[in-house]
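*Asks:* Structure supplied as data-v4.cif; contents: mmCIF, C-alpha atoms.
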data_work
#
loop_
_atom_site.label_atom_id
_atom_site.label_comp_id
_atom_site.auth_asym_id
_atom_site.auth_seq_id
_atom_site.Cartn_x
_atom_site.Cartn_y
_atom_site.Cartn_z
CA MET A 24 11.03 -21.28 19.24
CA ALA A 25 14.12 -19.24 20.13
CA ASP A 26 13.34 -17.07 17.11
CA PHE A 27 9.83 -16.41 18.49
CA PHE A 28 11.03 -15.34 21.92
CA THR A 29 13.80 -13.19 20.46
CA PHE A 30 11.41 -11.22 18.29
CA ARG A 31 8.73 -11.11 20.96
CA ALA A 32 11.27 -9.38 23.16
CA GLU A 33 11.92 -6.89 20.36
CA PHE A 34 8.20 -6.18 20.05
CA GLN A 35 7.82 -5.78 23.80
CA LYS A 36 10.50 -3.06 23.79
CA ARG A 37 8.24 -1.07 21.48
CA ALA A 38 4.91 -2.05 23.02
CA ASN A 39 2.50 -0.60 25.53
CA PRO A 40 2.63 -3.12 28.43
CA GLU A 41 -1.10 -2.80 29.20
CA ASN A 42 -3.91 -5.08 28.02
CA PRO A 43 -5.23 -3.47 24.79
CA LEU A 44 -8.81 -4.45 25.70
CA ASN A 45 -8.53 -2.19 28.74
CA ASP A 46 -7.86 0.75 26.41
CA TYR A 47 -9.99 0.03 23.34
CA ASN A 48 -13.53 -1.06 22.51
CA MET A 49 -13.30 -3.38 19.51
CA GLN A 50 -15.92 -2.80 16.82
CA THR A 51 -16.18 -4.07 13.24
CA LEU A 52 -13.82 -6.25 11.21
CA LEU A 53 -12.40 -4.06 8.43
CA GLY A 54 -10.47 -6.73 6.58
CA ARG A 55 -8.24 -9.76 6.74
CA GLY A 56 -5.18 -10.95 4.89
CA ALA A 57 -2.16 -13.20 5.10
CA SER A 58 -0.62 -11.05 7.82
CA GLY A 59 -3.66 -10.86 10.10
CA LYS A 60 -6.97 -9.10 10.71
CA VAL A 61 -7.75 -5.39 10.92
CA TYR A 62 -10.49 -4.07 13.19
CA LYS A 63 -12.05 -0.70 13.75
CA ALA A 64 -11.88 0.25 17.45
CA VAL A 65 -12.52 3.24 19.70
CA HIS A 66 -10.26 4.44 22.51
CA LYS A 67 -12.23 4.26 25.76
CA LYS A 68 -10.94 7.53 27.19
CA ASN A 69 -10.68 9.97 24.28
CA GLN A 70 -13.16 8.25 21.89
CA GLN A 71 -10.63 8.34 19.05
CA GLU A 72 -11.48 5.95 16.21
CA VAL A 73 -8.53 3.76 15.22
CA ALA A 74 -7.66 0.74 13.12
CA ILE A 75 -6.01 -2.17 14.93
CA LYS A 76 -4.07 -4.81 13.04
CA ILE A 77 -3.81 -8.08 14.99
CA MET A 78 -1.13 -10.57 13.97
CA ASP A 79 -0.29 -14.02 15.30
CA LEU A 80 3.49 -14.01 15.69
CA HIS A 81 3.65 -17.80 15.42
CA GLN A 82 2.41 -17.52 11.81
CA HIS A 83 5.00 -14.99 10.64
CA ARG A 84 8.27 -16.40 9.39
CA LYS A 85 9.72 -12.98 8.56
CA LYS A 86 9.21 -11.28 11.91
CA GLU A 87 12.05 -8.89 11.15
CA LEU A 88 9.81 -7.27 8.53
CA ILE A 89 7.22 -6.47 11.20
CA VAL A 90 9.89 -4.86 13.38
CA ALA A 91 11.01 -2.81 10.36
CA GLU A 92 7.42 -1.76 9.62
CA ILE A 93 6.84 -0.49 13.16
CA ASP A 94 10.14 1.36 13.29
CA THR A 95 9.60 2.91 9.86
CA LEU A 96 6.14 4.22 10.77
CA LYS A 97 7.27 5.54 14.15
CA LEU A 98 10.21 7.46 12.71
CA ASN A 99 8.73 8.68 9.41
CA ARG A 100 5.59 10.76 9.84
CA HIS A 101 4.03 12.52 6.86
CA GLU A 102 0.60 13.85 5.94
CA ASN A 103 0.29 11.21 3.20
CA ILE A 104 1.41 8.24 5.32
CA VAL A 105 -0.97 6.57 7.76
CA SER A 106 0.02 7.38 11.35
CA PHE A 107 1.28 4.74 13.76
CA LEU A 108 -0.18 5.33 17.25
CA GLU A 109 1.04 2.50 19.47
CA CYS A 110 1.34 -1.27 19.70
CA TYR A 111 0.72 -4.05 22.22
CA CYS A 112 2.15 -7.53 22.54
CA PRO A 113 -0.32 -9.71 24.46
CA GLY A 114 0.70 -13.38 24.49
CA HIS A 115 1.73 -14.54 21.01
CA GLU A 116 -0.09 -11.68 19.27
CA LEU A 117 0.99 -8.24 18.10
CA TRP A 118 -1.62 -5.46 18.05
CA VAL A 119 -0.63 -2.43 15.95
CA VAL A 120 -2.83 0.62 16.46
CA MET A 121 -3.05 2.94 13.47
CA GLU A 122 -4.88 6.02 12.33
CA TYR A 123 -8.37 5.16 11.01
CA LEU A 124 -9.53 6.49 7.63
CA ASP A 125 -13.23 6.18 6.94
CA GLY A 126 -13.00 5.77 3.16
CA GLY A 127 -11.26 2.39 3.18
CA CYS A 128 -8.68 1.36 0.59
CA MET A 129 -8.53 2.78 -2.91
CA THR A 130 -9.27 -0.53 -4.64
CA ASP A 131 -13.06 -0.14 -4.48
CA LEU A 132 -12.77 3.40 -5.81
CA VAL A 133 -10.75 2.44 -8.90
CA ARG A 134 -12.86 -0.65 -9.51
CA PHE A 135 -16.32 0.88 -9.28
CA VAL A 136 -15.89 4.60 -10.06
CA ILE A 137 -14.71 6.14 -13.32
CA LEU A 138 -12.40 8.99 -12.33
CA ASN A 139 -11.79 11.94 -14.63
CA GLU A 140 -8.31 13.15 -15.46
CA ALA A 141 -8.23 15.91 -12.82
CA GLN A 142 -9.33 13.44 -10.13
CA MET A 143 -6.71 10.86 -11.15
CA ALA A 144 -4.05 13.55 -11.19
CA ALA A 145 -5.02 14.66 -7.68
CA VAL A 146 -4.79 11.08 -6.35
CA CYS A 147 -1.43 10.58 -8.08
CA ARG A 148 -0.09 13.83 -6.60
CA GLU A 149 -0.90 12.79 -3.02
CA CYS A 150 0.54 9.28 -3.45
CA LEU A 151 3.71 10.65 -5.02
CA LYS A 152 4.25 13.05 -2.14
CA ALA A 153 4.38 10.02 0.19
CA ILE A 154 6.69 8.10 -2.15
CA GLU A 155 9.01 11.08 -2.60
CA PHE A 156 9.20 11.52 1.17
CA LEU A 157 10.14 7.86 1.67
CA HIS A 158 12.71 7.89 -1.11
CA SER A 159 14.29 11.06 0.31
CA ARG A 160 14.91 9.02 3.45
CA ASN A 161 16.29 6.03 1.50
CA ILE A 162 13.22 3.89 2.19
CA ILE A 163 11.66 1.59 -0.43
CA HIS A 164 8.01 0.65 0.16
CA ARG A 165 8.11 -2.44 -2.15
CA ASP A 166 4.34 -2.97 -2.27
CA ILE A 167 2.72 0.09 -3.86
CA LYS A 168 -0.80 -0.76 -5.07
CA SER A 169 -4.37 0.48 -4.61
CA ASP A 170 -4.93 -1.93 -1.70
CA ASN A 171 -2.25 -0.04 0.21
CA VAL A 172 -3.65 3.45 -0.28
CA LEU A 173 -6.25 4.53 2.27
CA LEU A 174 -8.87 7.23 1.71
CA GLY A 175 -10.66 9.63 4.02
CA THR A 176 -13.93 11.23 3.02
CA ARG A 177 -12.52 14.64 3.99
CA GLY A 178 -9.94 14.42 1.22
CA GLN A 179 -7.17 12.39 2.87
CA ILE A 180 -5.05 10.01 0.79
CA LYS A 181 -2.44 8.02 2.71
CA LEU A 182 -0.01 5.22 1.98
CA THR A 183 -0.15 2.24 4.34
CA ASP A 184 1.17 -1.31 4.88
CA PHE A 185 4.92 -1.04 5.29
CA GLY A 186 5.38 -4.76 5.88
CA PHE A 187 7.77 -5.11 2.93
CA CYS A 188 9.64 -1.82 3.32
CA ALA A 189 13.43 -1.66 3.32
CA ARG A 190 16.03 1.02 4.02
CA LEU A 191 19.02 1.58 1.75
CA THR A 192 22.30 2.48 3.43
CA SER A 193 25.86 3.17 2.35
CA GLN A 194 26.63 -0.46 3.22
CA VAL A 195 23.47 -1.90 1.57
CA ASN A 196 22.58 0.39 -1.33
CA GLN A 197 20.66 -2.22 -3.32
CA ARG A 198 18.21 -5.03 -2.61
CA ARG A 199 17.56 -8.39 -4.26
CA THR A 200 14.69 -9.94 -2.29
CA GLN A 201 11.69 -10.76 -4.46
CA LEU A 202 8.91 -9.14 -2.45
CA GLY A 203 5.67 -7.42 -3.42
CA THR A 204 2.49 -8.39 -5.27
CA PRO A 205 2.99 -9.99 -8.72
CA CYS A 206 0.85 -7.67 -10.91
CA TRP A 207 2.66 -4.61 -9.57
CA MET A 208 6.22 -6.00 -9.56
CA ALA A 209 8.89 -4.27 -11.61
CA PRO A 210 10.79 -6.32 -14.23
CA GLU A 211 14.05 -6.09 -12.28
CA VAL A 212 12.34 -7.67 -9.26
CA ILE A 213 10.94 -10.50 -11.38
CA LYS A 214 14.40 -11.09 -12.84
CA ARG A 215 15.93 -11.03 -9.32
CA LYS A 216 18.31 -8.25 -10.28
CA PRO A 217 19.61 -5.78 -7.68
CA TYR A 218 17.18 -2.90 -7.33
CA LYS A 219 16.68 0.43 -5.60
CA ASN A 220 13.71 2.71 -5.10
CA GLU A 221 12.90 2.74 -8.84
CA ILE A 222 10.74 -0.34 -8.23
CA ASP A 223 8.21 1.81 -6.33
CA ILE A 224 7.81 4.05 -9.38
CA TRP A 225 7.02 1.06 -11.60
CA SER A 226 4.44 -0.20 -9.09
CA PHE A 227 2.96 3.29 -8.88
CA GLY A 228 2.67 3.35 -12.68
CA ILE A 229 0.75 0.08 -12.58
CA MET A 230 -1.52 1.65 -9.95
CA VAL A 231 -2.23 4.51 -12.35
CA ILE A 232 -3.29 1.90 -14.92
CA GLU A 233 -5.61 0.52 -12.22
CA MET A 234 -7.28 3.93 -12.09
CA VAL A 235 -7.70 3.95 -15.88
CA ASP A 236 -8.79 0.33 -16.43
CA GLY A 237 -10.34 -0.53 -13.04
CA VAL A 238 -7.93 -3.44 -12.50
CA PRO A 239 -4.17 -3.95 -12.89
CA PRO A 240 -2.77 -5.80 -15.92
CA TYR A 241 -2.69 -9.61 -15.72
CA LEU A 242 -4.98 -9.74 -12.67
CA MET A 243 -6.68 -12.94 -13.87
CA GLU A 244 -3.45 -14.71 -14.81
CA ASN A 245 -1.56 -17.06 -12.52
CA CYS A 246 1.73 -15.94 -11.00
CA HIS A 247 3.92 -17.74 -13.52
CA LYS A 248 2.17 -16.16 -16.52
CA THR A 249 2.21 -12.76 -14.83
CA TYR A 250 5.97 -13.03 -14.23
CA TYR A 251 6.48 -14.15 -17.84
CA TYR A 252 4.52 -11.23 -19.30
CA ILE A 253 6.27 -8.65 -17.11
CA GLU A 254 9.70 -10.09 -17.87
CA THR A 255 9.23 -10.43 -21.64
CA LYS A 256 6.75 -7.68 -22.52
CA GLY A 257 7.82 -4.93 -20.14
CA LYS A 258 5.30 -2.09 -20.17
CA PRO A 259 1.81 -3.63 -20.26
CA ASP A 260 -1.03 -2.63 -22.59
CA ILE A 261 -3.69 -0.26 -21.28
CA LYS A 262 -7.21 -1.33 -22.24
CA ASN A 263 -8.58 2.21 -22.10
CA ALA A 264 -5.54 3.93 -23.59
CA HIS A 265 -7.86 5.74 -26.04
CA THR A 266 -9.23 7.78 -23.10
CA LEU A 267 -5.83 9.16 -22.06
CA SER A 268 -4.59 12.63 -22.80
CA PRO A 269 -1.04 12.91 -24.20
CA ASP A 270 0.11 14.22 -20.79
CA GLN A 271 -1.34 11.26 -18.87
CA GLN A 272 0.02 8.75 -21.40
CA ASP A 273 3.48 10.29 -21.08
CA PHE A 274 3.19 10.29 -17.28
CA ILE A 275 2.48 6.54 -17.29
CA ASP A 276 5.26 5.94 -19.84
CA GLN A 277 7.74 7.76 -17.57
CA CYS A 278 6.82 5.41 -14.71
CA LEU A 279 7.00 2.21 -16.74
CA GLN A 280 10.40 2.45 -18.39
CA VAL A 281 12.02 -0.98 -18.28
CA ASP A 282 15.43 0.71 -18.35
CA ILE A 283 15.70 2.05 -14.80
CA THR A 284 18.07 4.80 -15.94
CA LYS A 285 15.19 6.23 -17.98
CA ARG A 286 12.48 5.69 -15.36
CA ALA A 287 11.37 8.95 -13.73
CA SER A 288 11.93 9.66 -10.05
CA ALA A 289 9.18 10.76 -7.68
CA VAL A 290 10.61 14.29 -7.72
CA GLN A 291 10.52 14.41 -11.53
CA LEU A 292 6.96 13.07 -11.63
CA LEU A 293 5.76 15.67 -9.15
CA GLY A 294 6.77 18.30 -11.71
CA HIS A 295 5.11 16.53 -14.66
CA PRO A 296 2.48 18.48 -16.68
CA PHE A 297 -0.12 15.79 -15.94
CA LEU A 298 -0.10 16.71 -12.24
CA MET A 299 -0.66 20.35 -13.14
CA LYS A 300 -4.19 19.23 -14.03
CA SER A 301 -4.89 18.09 -10.44
CA GLY A 302 -8.28 19.07 -9.13
CA SER A 303 -9.65 19.28 -5.61
CA LEU A 304 -9.97 16.20 -3.40
CA ASP A 305 -13.48 17.22 -2.38
CA PHE A 306 -14.84 14.58 -4.77
CA LEU A 307 -13.69 11.78 -2.46
CA GLU A 308 -16.68 11.85 -0.11
CA GLU A 309 -19.21 11.26 -2.89
CA ALA A 310 -16.90 8.92 -4.80
CA VAL A 311 -16.35 6.67 -1.75
CA THR A 312 -20.11 6.51 -1.15
CA VAL A 313 -20.76 5.56 -4.78
CA ALA A 314 -17.97 2.96 -4.74
CA ARG A 315 -19.29 1.32 -1.57
CA ALA A 316 -22.83 1.10 -2.94
CA ALA A 317 -21.57 -0.41 -6.20
CA ARG A 318 -19.37 -2.90 -4.34
CA ASP A 319 -22.22 -3.98 -2.05
CA LYS A 320 -24.57 -4.40 -5.03
CA HIS A 321 -21.92 -6.38 -6.91
CA PHE A 322 -21.32 -8.81 -4.05
CA LYS A 323 -25.05 -9.13 -3.36
CA ILE A 324 -25.66 -10.10 -6.99
CA ASN A 325 -22.79 -12.59 -6.90
CA LYS A 326 -24.09 -14.11 -3.68
CA ILE A 327 -27.60 -14.54 -5.12
CA SER A 328 -26.32 -16.01 -8.41
CA SER A 329 -24.08 -18.46 -6.58
#
Once you've parsed the file, please lay out its structure as structure tokens.
*Replies:*
Amino acid sequence: MADFFTFRAEFQKRANPENPLNDYNMQTLLGRGASGKVYKAVHKKNQQEVAIKIMDLHQHRKKELIVAEIDTLKLNRHENIVSFLECYCPGHELWVVMEYLDGGCMTDLVRFVILNEAQMAAVCRECLKAIEFLHSRNIIHRDIKSDNVLLGTRGQIKLTDFGFCARLTSQVNQRRTQLGTPCWMAPEVIKRKPYKNEIDIWSFGIMVIEMVDGVPPYLMENCHKTYYYIETKGKPDIKNAHTLSPDQQDFIDQCLQVDITKRASAVQLLGHPFLMKSGSLDFLEEAVTVARAARDKHFKINKISS
């Protein structure tokens, strides 16, 4: 209980003291996960659309990660990182108000839309700009995946969910904690070896495979098998490897080097020939619409068949 009150005091230092319901009209539920629920809301005075993540502090054992997430977002603003607006701490809850992007997360896009090479290169370029910015400030995201990339129909691509992020310092220049999502974890994380920001590049490489195959490797396997395959096999197979150009294959290979001394940095990848093929992001509006329709049809069929 002392832990709860200690961290609640930390949140209150960062929080707007008002009742959030006095400031925002809550609208639709956008999603839910282990950390809480996310709602779309509208500010009552300026009519700004926002996303509000509501977390029950009693259910979070690692409250220090939430403090780190808020501080990281407040101090590190970038065009490819979702903007933190404010937070509230009513009772035992934490409400984090974020920029709202109308295209949702990238998972539906990669699952239901076949992207061409120029479109994949454009998405990779925007994600890498966010990763390079974080790494330049000695921050590791530790959970890069399509679920944590938000899209806007006007061509915005932004990295979100900094709940696992960590900062490297001269005193702590490596990490060991096994955090992240299994399919996207780097081998050194699975093996509980010390790691630095190279783990984000591996996870990003797996996300590129998501764009190619529609799903990450080992998605249907249990955690133990996934860990085993990553630890013993290293770079996973790509089901649709026959569709890749030599430049895109090399780009993925540079991300998924098991030897971290050979794994490319975000800066190096931003200069890779594959990204020179980047097209416009104007395709996102139509692509998001198509992905949503396909997702809704898919879940409707599954609901009827069940």
*Asks:* Of the candidates A:Met243, A:Thr284, A:Gln272, A:Leu174, which one gets nearest to Lys219 of chain A if we count all atoms listed in the file?
*Replies:*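 Selected residue with least distance to Lys219 of chain A: A:Thr284.
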*Asks:* Between A:Asn39, A:Thr130, A:Ser159, A:Gln142, single out the one closest to Cys110 of chain A, counting only C-alpha atoms.
*Replies:* A:Asn39
*Asks:* Quick check, in Å to one decimal: how far apart do atom CA of Pro205 of chain A and atom CA of Asn171 of chain A lie?
*Replies:* 14.4 Å
*Asks:* In Å, rounded to a single decimal, give me how far atom CA of Val65 of chain A is from atom CA of Asp46 of chain A.
*Replies:*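 Computing it gives 8.5 Å between the two atoms.
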*Asks:* Near Gln291 of chain A, within 12 Å and counting all atoms listed in the file, which residues show up once chain neighbours fewer than 3 positions away are dropped, as a PDB file with C-alpha atoms, in the frame of the given file?
*Replies:*
ATOM      1  CA  ARG A 148      -0.090  13.830  -6.600  1.00  0.00           C
ATOM      2  CA  LEU A 151       3.710  10.650  -5.020  1.00  0.00           C
ATOM      3  CA  LYS A 152       4.250  13.050  -2.140  1.00  0.00           C
ATOM      4  CA  ILE A 154       6.690   8.100  -2.150  1.00  0.00           C
ATOM      5  CA  GLU A 155       9.010  11.080  -2.600  1.00  0.00           C
ATOM      6  CA  ILE A 224       7.810   4.050  -9.380  1.00  0.00           C
ATOM      7  CA  PHE A 274       3.190  10.290 -17.280  1.00  0.00           C
ATOM      8  CA  GLN A 277       7.740   7.760 -17.570  1.00  0.00           C
ATOM      9  CA  CYS A 278       6.820   5.410 -14.710  1.00  0.00           C
ATOM     10  CA  LYS A 285      15.190   6.230 -17.980  1.00  0.00           C
ATOM     11  CA  ARG A 286      12.480   5.690 -15.360  1.00  0.00           C
ATOM     12  CA  ALA A 287      11.370   8.950 -13.730  1.00  0.00           C
ATOM     13  CA  SER A 288      11.930   9.660 -10.050  1.00  0.00           C
ATOM     14  CA  GLY A 294       6.770  18.300 -11.710  1.00  0.00           C
ATOM     15  CA  HIS A 295       5.110  16.530 -14.660  1.00  0.00           C
ATOM     16  CA  PRO A 296       2.480  18.480 -16.680  1.00  0.00           C
ATOM     17  CA  PHE A 297      -0.120  15.790 -15.940  1.00  0.00           C
ATOM     18  CA  LEU A 298      -0.100  16.710 -12.240  1.00  0.00           C
TER      19      LEU A 298
END
*Asks:* Using all atoms listed in the file, can you tell me which of A:Asp131, A:Asp223, A:Glu149, A:Asp236 comes closest to Ser301 of chain A?
*Replies:*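 So, comparing all the options, the nearest one is A:Glu149.
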*Asks:* Of the candidates A:Cys128, A:Leu117, A:Ile180, A:Cys206, which shows the shortest atom-to-atom distance to Ile104 of chain A, using only C-alpha atoms?
*Replies:*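 Looking at the shortest contact to Ile104 of chain A, the residue is A:Ile180.
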*Asks:* List the spatial neighbours of segment 225-233 of chain A as a compact mmCIF listing (two decimals) with C-alpha atoms, in the coordinates of the input - criterion: any atom at most 9 Å away, only C-alpha atoms, same-chain residues fewer than 5 positions off excluded.
*Replies:*
# COMPACT_ATOMS: atom_id res chain seq x y z
CA THR A 130 -9.27 -0.53 -4.64
CA VAL A 133 -10.75 2.44 -8.90
CA ARG A 134 -12.86 -0.65 -9.51
CA MET A 143 -6.71 10.86 -11.15
CA CYS A 147 -1.43 10.58 -8.08
CA CYS A 150 0.54 9.28 -3.45
CA LEU A 151 3.71 10.65 -5.02
CA ARG A 165 8.11 -2.44 -2.15
CA ASP A 166 4.34 -2.97 -2.27
CA ILE A 167 2.72 0.09 -3.86
CA LYS A 168 -0.80 -0.76 -5.07
CA SER A 169 -4.37 0.48 -4.61
CA CYS A 206 0.85 -7.67 -10.91
CA TRP A 207 2.66 -4.61 -9.57
CA MET A 208 6.22 -6.00 -9.56
CA ALA A 209 8.89 -4.27 -11.61
CA PRO A 210 10.79 -6.32 -14.23
CA VAL A 238 -7.93 -3.44 -12.50
CA PRO A 239 -4.17 -3.95 -12.89
CA PRO A 240 -2.77 -5.80 -15.92
CA PRO A 259 1.81 -3.63 -20.26
CA ILE A 261 -3.69 -0.26 -21.28
CA LYS A 262 -7.21 -1.33 -22.24
CA ASN A 263 -8.58 2.21 -22.10
CA PHE A 274 3.19 10.29 -17.28
CA ILE A 275 2.48 6.54 -17.29
CA ASP A 276 5.26 5.94 -19.84
CA GLN A 277 7.74 7.76 -17.57
CA CYS A 278 6.82 5.41 -14.71
CA LEU A 279 7.00 2.21 -16.74
CA GLN A 280 10.40 2.45 -18.39
CA VAL A 281 12.02 -0.98 -18.28
CA ARG A 286 12.48 5.69 -15.36
*Asks:* Residues within 8 Å of segment 80-83 of chain A, please, as a ChimeraX atom specification. Count only C-alpha atoms; anything in the same chain fewer than 5 positions from it doesn't count.
*Replies:* /A:27,31,58,115-117
*Asks:* How would you write, as a list in words, the residues chosen by the PyMOL selection byres ((chain A and resi 254) around 10) on this structure?
*Replies:*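 This file, filtered by the PyMOL selection byres ((chain A and resi 254) around 10), leaves Met208, Ala209, Pro210, Glu211, Val212, Ile213, Lys214, Lys248, Thr249, Tyr250, Tyr251, Tyr252, Ile253, Thr255, Lys256, Gly257, Lys258 and Val281 of chain A.
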*Asks:* Could you state which residues are captured by the PyMOL selection byres ((chain A and resi 183) around 9) in this file, as a ChimeraX atom specification?
*Replies:* /A:104-106,167,170-173,181-182,184-185
*Asks:* Can you work out the spacing between atom CA of Gly302 of chain A and atom CA of His101 of chain A in Å, to one decimal?
*Replies:*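 Atom-to-atom, atom CA of Gly302 of chain A and atom CA of His101 of chain A are spaced 21.2 Å apart.
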*Asks:* With only C-alpha atoms as the atoms that count, which of A:Glu33, A:Ile75, A:Lys67, A:Val136 lies nearest to Phe107 of chain A?
*Replies:*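 For Phe107 of chain A, the nearest of the candidates is A:Ile75.
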*Asks:* Report the closest atom pair, with its distance in Å rounded to one decimal, for each residue of segment 143-216 of chain A that has an atom no farther than 12 Å from segment 311-315 of chain A; count all atoms listed in the file, sort by chain and then rising residue number, and write it as JSON lines.
*Replies:*
{"residue": "A:Leu173", "atom": "CA", "partner": "A:Val311", "partner_atom": "CA", "distance": 11.1}
{"residue": "A:Leu174", "atom": "CA", "partner": "A:Val311", "partner_atom": "CA", "distance": 8.3}
{"residue": "A:Gly175", "atom": "CA", "partner": "A:Val311", "partner_atom": "CA", "distance": 8.6}
{"residue": "A:Thr176", "atom": "CA", "partner": "A:Val311", "partner_atom": "CA", "distance": 7.0}
{"residue": "A:Arg177", "atom": "CA", "partner": "A:Val311", "partner_atom": "CA", "distance": 10.5}
{"residue": "A:Gly178", "atom": "CA", "partner": "A:Val311", "partner_atom": "CA", "distance": 10.5}
{"residue": "A:Gln179", "atom": "CA", "partner": "A:Val311", "partner_atom": "CA", "distance": 11.8}
